[in-house]
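*Asks:* So that we are looking at the same thing, I have put the structure below in structure tokens.
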Amino acid sequence: MLKISKHRFANADNTDGHVACEINAITLKQFEDLIFATLGNRQPERDKAMLLLAFYHALRLSEIIELEWHQINLEKGYIKLKSPNGITTQPLNKQLSYALSALRHNSSSKHIFNTERGNKFTVSGIEKIFKRLGERAGLNISISPELIRTSAGLELARRGFYSIQIRDFMRNKTLSSVSRFELNMN
């Protein structure tokens, strides 16, 4: 896990205003381990696509459950997601495009992610998949869609994106919801 420090302006009593904030997240290497862990599952394409979407597009658990095929254009390589300002379009990377293509080939449902019985996933069903993948990857933290989403935000901050860019990408309403991702890069 990463421990992130967040700095604020000095307060009235002239202390430095430093506030330590611990954020649970995984590294890119741990994320790659999760992707590798999908290979032994009964539904590797589905689980890989789920992880890739959760990370590369910072999907919320509810967005994973409700995501439909009409939101994805595999030919042109983009995904359309709801945001506070309407609809946002984000490009798909090649790895995700391949995973979704394999998944699409075997799907007859309007929802992208379905159980083996063809039903739409429940919250607990998705959470179980993420938790099992974390265990299979040998990670010592409980993996969840929210943890993957947080890790995506931290990775954007690490790469130098501004809070407003992270907010827009993650489709959050306020800057305060992503301020925890601000890094003190020395």
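Residue numbers start at 1 in each chain; chains themselves are named A, B, ... in the order of the structure tokens; ligands are numbered from 1 in the order shown.
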Please provide as a CSV table (one decimal) with N, CA, C and O atoms, in the first residue's frame all residues within 8 Å of Phe113 of chain A, with the sequence filter that same-chain residues fewer than 5 positions apart are discarded (counting only C-alpha atoms).
*Replies:*
chain,number,residue,atom,x,y,z
A,46,ARG,N,-13.9,-12.1,-19.2
A,46,ARG,CA,-14.8,-11.2,-18.4
A,46,ARG,C,-14.0,-10.5,-17.3
A,46,ARG,O,-14.1,-9.3,-17.1
A,50,MET,N,-13.1,-6.6,-16.9
A,50,MET,CA,-13.7,-5.9,-15.7
A,50,MET,C,-12.6,-5.1,-15.0
A,50,MET,O,-12.8,-3.9,-14.6
A,64,ILE,N,-19.8,-0.6,-13.3
A,64,ILE,CA,-19.4,-1.9,-13.8
A,64,ILE,C,-20.6,-2.8,-14.0
A,64,ILE,O,-20.8,-3.4,-15.1
A,65,ILE,N,-21.5,-2.7,-13.1
A,65,ILE,CA,-22.7,-3.5,-13.1
A,65,ILE,C,-23.6,-3.1,-14.3
A,65,ILE,O,-24.2,-3.9,-15.0
A,67,LEU,N,-22.9,-1.2,-17.0
A,67,LEU,CA,-22.3,-0.9,-18.3
A,67,LEU,C,-22.9,-1.8,-19.4
A,67,LEU,O,-23.1,-3.0,-19.3
A,120,LYS,N,-27.5,-10.3,-14.9
A,120,LYS,CA,-26.7,-9.2,-14.5
A,120,LYS,C,-26.1,-9.4,-13.1
A,120,LYS,O,-26.7,-10.0,-12.2
A,121,PHE,N,-24.9,-8.9,-12.9
A,121,PHE,CA,-24.2,-9.1,-11.7
A,121,PHE,C,-24.9,-8.3,-10.6
A,121,PHE,O,-25.5,-7.2,-10.8
*Asks:* Do a neighbour search on Gly134 of chain A at 8 Å with only C-alpha atoms, toss out local chain neighbours closer than 5 positions, and write the hits as a ChimeraX atom specification.
*Replies:* /A:34,37,139-143
*Asks:* Would you mind exporting N, CA and C atoms of the selected residues as a short mmCIF file (atom, residue, chain, number, x, y, z; two decimals), in the first residue's frame?
*Replies:*
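Resulting contents of selection.cif:
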data_model
loop_
_atom_site.label_atom_id
_atom_site.label_comp_id
_atom_site.auth_asym_id
_atom_site.auth_seq_id
_atom_site.Cartn_x
_atom_site.Cartn_y
_atom_site.Cartn_z
N LEU A 34 -2.79 -8.85 -10.73
CA LEU A 34 -4.24 -9.11 -10.77
C LEU A 34 -4.67 -9.56 -12.17
N ALA A 37 -3.67 -12.99 -12.75
CA ALA A 37 -4.49 -13.92 -11.96
C ALA A 37 -5.78 -14.29 -12.66
N LEU A 139 -1.91 -11.01 -3.17
CA LEU A 139 -1.86 -9.69 -2.56
C LEU A 139 -2.39 -9.77 -1.14
N ASN A 140 -1.77 -9.06 -0.23
CA ASN A 140 -2.15 -9.11 1.18
C ASN A 140 -3.13 -8.03 1.58
N ILE A 141 -3.86 -7.50 0.61
CA ILE A 141 -4.91 -6.54 0.92
C ILE A 141 -6.18 -6.98 0.20
N SER A 142 -7.29 -6.56 0.72
CA SER A 142 -8.57 -6.92 0.14
C SER A 142 -8.82 -6.05 -1.10
N ILE A 143 -8.91 -6.69 -2.25
CA ILE A 143 -9.11 -5.98 -3.51
C ILE A 143 -10.61 -5.75 -3.72
#
*Asks:* Let me make sure I understand: among A:Gln95, A:Arg171, A:Ile87, A:Ser62, which one has the smallest atom-to-atom distance to Glu127 of chain A if we use only C-alpha atoms?
*Replies:* A:Ser62
*Asks:* Tell me which protein, DNA and RNA residues are within 12 Å of Asn73 of chain A, counting only C-alpha atoms, leaving out same-chain ones fewer than 2 positions away, and put them as an mmCIF file with N, CA and C atoms, in the first residue's frame.
*Replies:*
data_model
loop_
_atom_site.group_PDB
_atom_site.id
_atom_site.type_symbol
_atom_site.label_atom_id
_atom_site.label_comp_id
_atom_site.auth_asym_id
_atom_site.auth_seq_id
_atom_site.Cartn_x
_atom_site.Cartn_y
_atom_site.Cartn_z
ATOM 1 N N GLU A 68 -23.299 -1.150 -20.511
ATOM 2 C CA GLU A 68 -23.947 -1.841 -21.623
ATOM 3 C C GLU A 68 -23.117 -1.713 -22.893
ATOM 4 N N TRP A 69 -23.330 -2.654 -23.817
ATOM 5 C CA TRP A 69 -22.548 -2.699 -25.047
ATOM 6 C C TRP A 69 -22.707 -1.450 -25.904
ATOM 7 N N HIS A 70 -23.858 -0.801 -25.873
ATOM 8 C CA HIS A 70 -24.050 0.392 -26.710
ATOM 9 C C HIS A 70 -23.151 1.549 -26.277
ATOM 10 N N GLN A 71 -22.561 1.465 -25.086
ATOM 11 C CA GLN A 71 -21.662 2.508 -24.605
ATOM 12 C C GLN A 71 -20.241 2.343 -25.150
ATOM 13 N N GLU A 75 -14.929 -0.607 -32.872
ATOM 14 C CA GLU A 75 -14.327 -0.247 -34.161
ATOM 15 C C GLU A 75 -13.545 1.062 -34.072
ATOM 16 N N LYS A 76 -14.128 2.038 -33.404
ATOM 17 C CA LYS A 76 -13.470 3.344 -33.284
ATOM 18 C C LYS A 76 -12.655 3.461 -32.002
ATOM 19 N N GLY A 77 -12.826 2.508 -31.082
ATOM 20 C CA GLY A 77 -12.003 2.442 -29.882
ATOM 21 C C GLY A 77 -12.314 3.469 -28.807
ATOM 22 N N TYR A 78 -13.595 3.574 -28.421
ATOM 23 C CA TYR A 78 -13.931 4.487 -27.334
ATOM 24 C C TYR A 78 -15.072 3.932 -26.486
ATOM 25 N N ILE A 79 -15.205 4.534 -25.297
ATOM 26 C CA ILE A 79 -16.285 4.212 -24.366
ATOM 27 C C ILE A 79 -16.968 5.516 -23.988
ATOM 28 N N LYS A 80 -18.287 5.470 -23.860
ATOM 29 C CA LYS A 80 -19.063 6.629 -23.423
ATOM 30 C C LYS A 80 -19.569 6.359 -22.008
ATOM 31 N N LEU A 81 -19.283 7.322 -21.112
ATOM 32 C CA LEU A 81 -19.671 7.187 -19.712
ATOM 33 C C LEU A 81 -20.422 8.429 -19.252
ATOM 34 N N THR A 89 -16.561 10.907 -23.431
ATOM 35 C CA THR A 89 -16.024 9.856 -24.286
ATOM 36 C C THR A 89 -14.544 9.687 -23.982
ATOM 37 N N GLN A 90 -14.135 8.452 -23.726
ATOM 38 C CA GLN A 90 -12.739 8.161 -23.411
ATOM 39 C C GLN A 90 -12.232 7.073 -24.354
ATOM 40 N N PRO A 91 -10.971 7.186 -24.797
ATOM 41 C CA PRO A 91 -10.424 6.164 -25.699
ATOM 42 C C PRO A 91 -10.136 4.860 -24.961
ATOM 43 N N LEU A 92 -10.272 3.761 -25.686
ATOM 44 C CA LEU A 92 -9.923 2.446 -25.154
ATOM 45 C C LEU A 92 -8.488 2.129 -25.561
ATOM 46 N N LEU A 96 -7.396 -3.383 -23.547
ATOM 47 C CA LEU A 96 -8.811 -3.397 -23.179
ATOM 48 C C LEU A 96 -9.690 -3.693 -24.393
ATOM 49 N N SER A 97 -9.347 -3.142 -25.544
ATOM 50 C CA SER A 97 -10.118 -3.418 -26.763
ATOM 51 C C SER A 97 -10.120 -4.905 -27.084
ATOM 52 N N LEU A 100 -12.310 -6.760 -24.523
ATOM 53 C CA LEU A 100 -13.742 -6.536 -24.777
ATOM 54 C C LEU A 100 -14.200 -7.249 -26.050
ATOM 55 N N SER A 101 -13.337 -7.309 -27.063
ATOM 56 C CA SER A 101 -13.687 -8.014 -28.302
ATOM 57 C C SER A 101 -13.930 -9.490 -28.020
ATOM 58 N N ARG A 104 -17.206 -9.738 -26.145
ATOM 59 C CA ARG A 104 -18.355 -9.427 -27.015
ATOM 60 C C ARG A 104 -18.715 -10.620 -27.885
#
*Asks:* Taking only segment 15-116 of chain A into account, list the residues labelled helix (DSSP H, G or I) by DSSP (computed from the backbone), as number ranges by chain.
*Replies:* A: 28-40, 44-56, 61-66, 69-71, 94-105
*Asks:* Keeping only C-alpha atoms, write the selected residues as a PDB file, in the first residue's frame.
*Replies:*
ATOM      1  CA  LEU A  28       1.050  -0.951 -11.181  1.00  0.00           C
ATOM      2  CA  LYS A  29       2.991  -4.172 -10.556  1.00  0.00           C
ATOM      3  CA  GLN A  30       0.236  -5.414  -8.240  1.00  0.00           C
ATOM      4  CA  PHE A  31      -2.346  -4.466 -10.865  1.00  0.00           C
ATOM      5  CA  GLU A  32      -0.414  -6.524 -13.435  1.00  0.00           C
ATOM      6  CA  ASP A  33      -0.444  -9.414 -10.958  1.00  0.00           C
ATOM      7  CA  LEU A  34      -4.238  -9.114 -10.774  1.00  0.00           C
ATOM      8  CA  ILE A  35      -4.496  -9.226 -14.572  1.00  0.00           C
ATOM      9  CA  PHE A  36      -2.271 -12.314 -14.631  1.00  0.00           C
ATOM     10  CA  ALA A  37      -4.489 -13.923 -11.957  1.00  0.00           C
ATOM     11  CA  THR A  38      -7.466 -13.834 -14.344  1.00  0.00           C
ATOM     12  CA  LEU A  39      -5.818 -16.456 -16.576  1.00  0.00           C
ATOM     13  CA  GLY A  40      -6.783 -19.350 -14.312  1.00  0.00           C
ATOM     14  CA  PRO A  44     -10.822 -14.981 -17.805  1.00  0.00           C
ATOM     15  CA  GLU A  45     -11.979 -12.591 -20.572  1.00  0.00           C
ATOM     16  CA  ARG A  46     -14.786 -11.221 -18.438  1.00  0.00           C
ATOM     17  CA  ASP A  47     -12.641 -10.774 -15.330  1.00  0.00           C
ATOM     18  CA  LYS A  48      -9.753  -9.212 -17.257  1.00  0.00           C
ATOM     19  CA  ALA A  49     -12.063  -6.748 -19.019  1.00  0.00           C
ATOM     20  CA  MET A  50     -13.684  -5.905 -15.695  1.00  0.00           C
ATOM     21  CA  LEU A  51     -10.324  -5.110 -14.065  1.00  0.00           C
ATOM     22  CA  LEU A  52      -9.055  -3.141 -17.056  1.00  0.00           C
ATOM     23  CA  LEU A  53     -12.212  -1.025 -17.229  1.00  0.00           C
ATOM     24  CA  ALA A  54     -12.165  -0.426 -13.481  1.00  0.00           C
ATOM     25  CA  PHE A  55      -8.561   0.804 -13.640  1.00  0.00           C
ATOM     26  CA  TYR A  56      -8.177   2.503 -17.025  1.00  0.00           C
ATOM     27  CA  LEU A  61     -18.913  -0.602  -8.845  1.00  0.00           C
ATOM     28  CA  SER A  62     -22.358   0.547  -9.991  1.00  0.00           C
ATOM     29  CA  GLU A  63     -20.929   1.530 -13.393  1.00  0.00           C
ATOM     30  CA  ILE A  64     -19.385  -1.920 -13.830  1.00  0.00           C
ATOM     31  CA  ILE A  65     -22.745  -3.542 -13.119  1.00  0.00           C
ATOM     32  CA  GLU A  66     -24.761  -1.231 -15.390  1.00  0.00           C
ATOM     33  CA  TRP A  69     -22.548  -2.699 -25.047  1.00  0.00           C
ATOM     34  CA  HIS A  70     -24.050   0.392 -26.710  1.00  0.00           C
ATOM     35  CA  GLN A  71     -21.662   2.508 -24.605  1.00  0.00           C
ATOM     36  CA  LYS A  94      -5.441  -1.916 -27.160  1.00  0.00           C
ATOM     37  CA  GLN A  95      -5.292  -4.357 -24.255  1.00  0.00           C
ATOM     38  CA  LEU A  96      -8.811  -3.397 -23.179  1.00  0.00           C
ATOM     39  CA  SER A  97     -10.118  -3.418 -26.763  1.00  0.00           C
ATOM     40  CA  TYR A  98      -8.864  -6.986 -27.222  1.00  0.00           C
ATOM     41  CA  ALA A  99     -10.380  -8.110 -23.919  1.00  0.00           C
ATOM     42  CA  LEU A 100     -13.742  -6.536 -24.777  1.00  0.00           C
ATOM     43  CA  SER A 101     -13.687  -8.014 -28.302  1.00  0.00           C
ATOM     44  CA  ALA A 102     -13.218 -11.500 -26.864  1.00  0.00           C
ATOM     45  CA  LEU A 103     -16.004 -10.878 -24.376  1.00  0.00           C
ATOM     46  CA  ARG A 104     -18.355  -9.427 -27.015  1.00  0.00           C
ATOM     47  CA  HIS A 105     -17.916 -12.487 -29.209  1.00  0.00           C
TER      48      HIS A 105
END
*Asks:* Using DSSP secondary structure from the backbone, list all strand (DSSP E or B) positions within segment 29-82 of chain A, as a VMD selection string.
*Replies:* chain A and resid 68 72 to 73 78 to 82
*Asks:* Could the residues in this selection be saved with C-alpha atoms as a PDB file, in the first residue's frame?
*Replies:*
ATOM      1  CA  GLU A  68     -23.947  -1.841 -21.623  1.00  0.00           C
ATOM      2  CA  ILE A  72     -18.618   0.923 -26.265  1.00  0.00           C
ATOM      3  CA  ASN A  73     -17.492   1.341 -29.858  1.00  0.00           C
ATOM      4  CA  TYR A  78     -13.931   4.487 -27.334  1.00  0.00           C
ATOM      5  CA  ILE A  79     -16.285   4.212 -24.366  1.00  0.00           C
ATOM      6  CA  LYS A  80     -19.063   6.629 -23.423  1.00  0.00           C
ATOM      7  CA  LEU A  81     -19.671   7.187 -19.712  1.00  0.00           C
ATOM      8  CA  LYS A  82     -22.075   9.360 -17.755  1.00  0.00           C
TER       9      LYS A  82
END
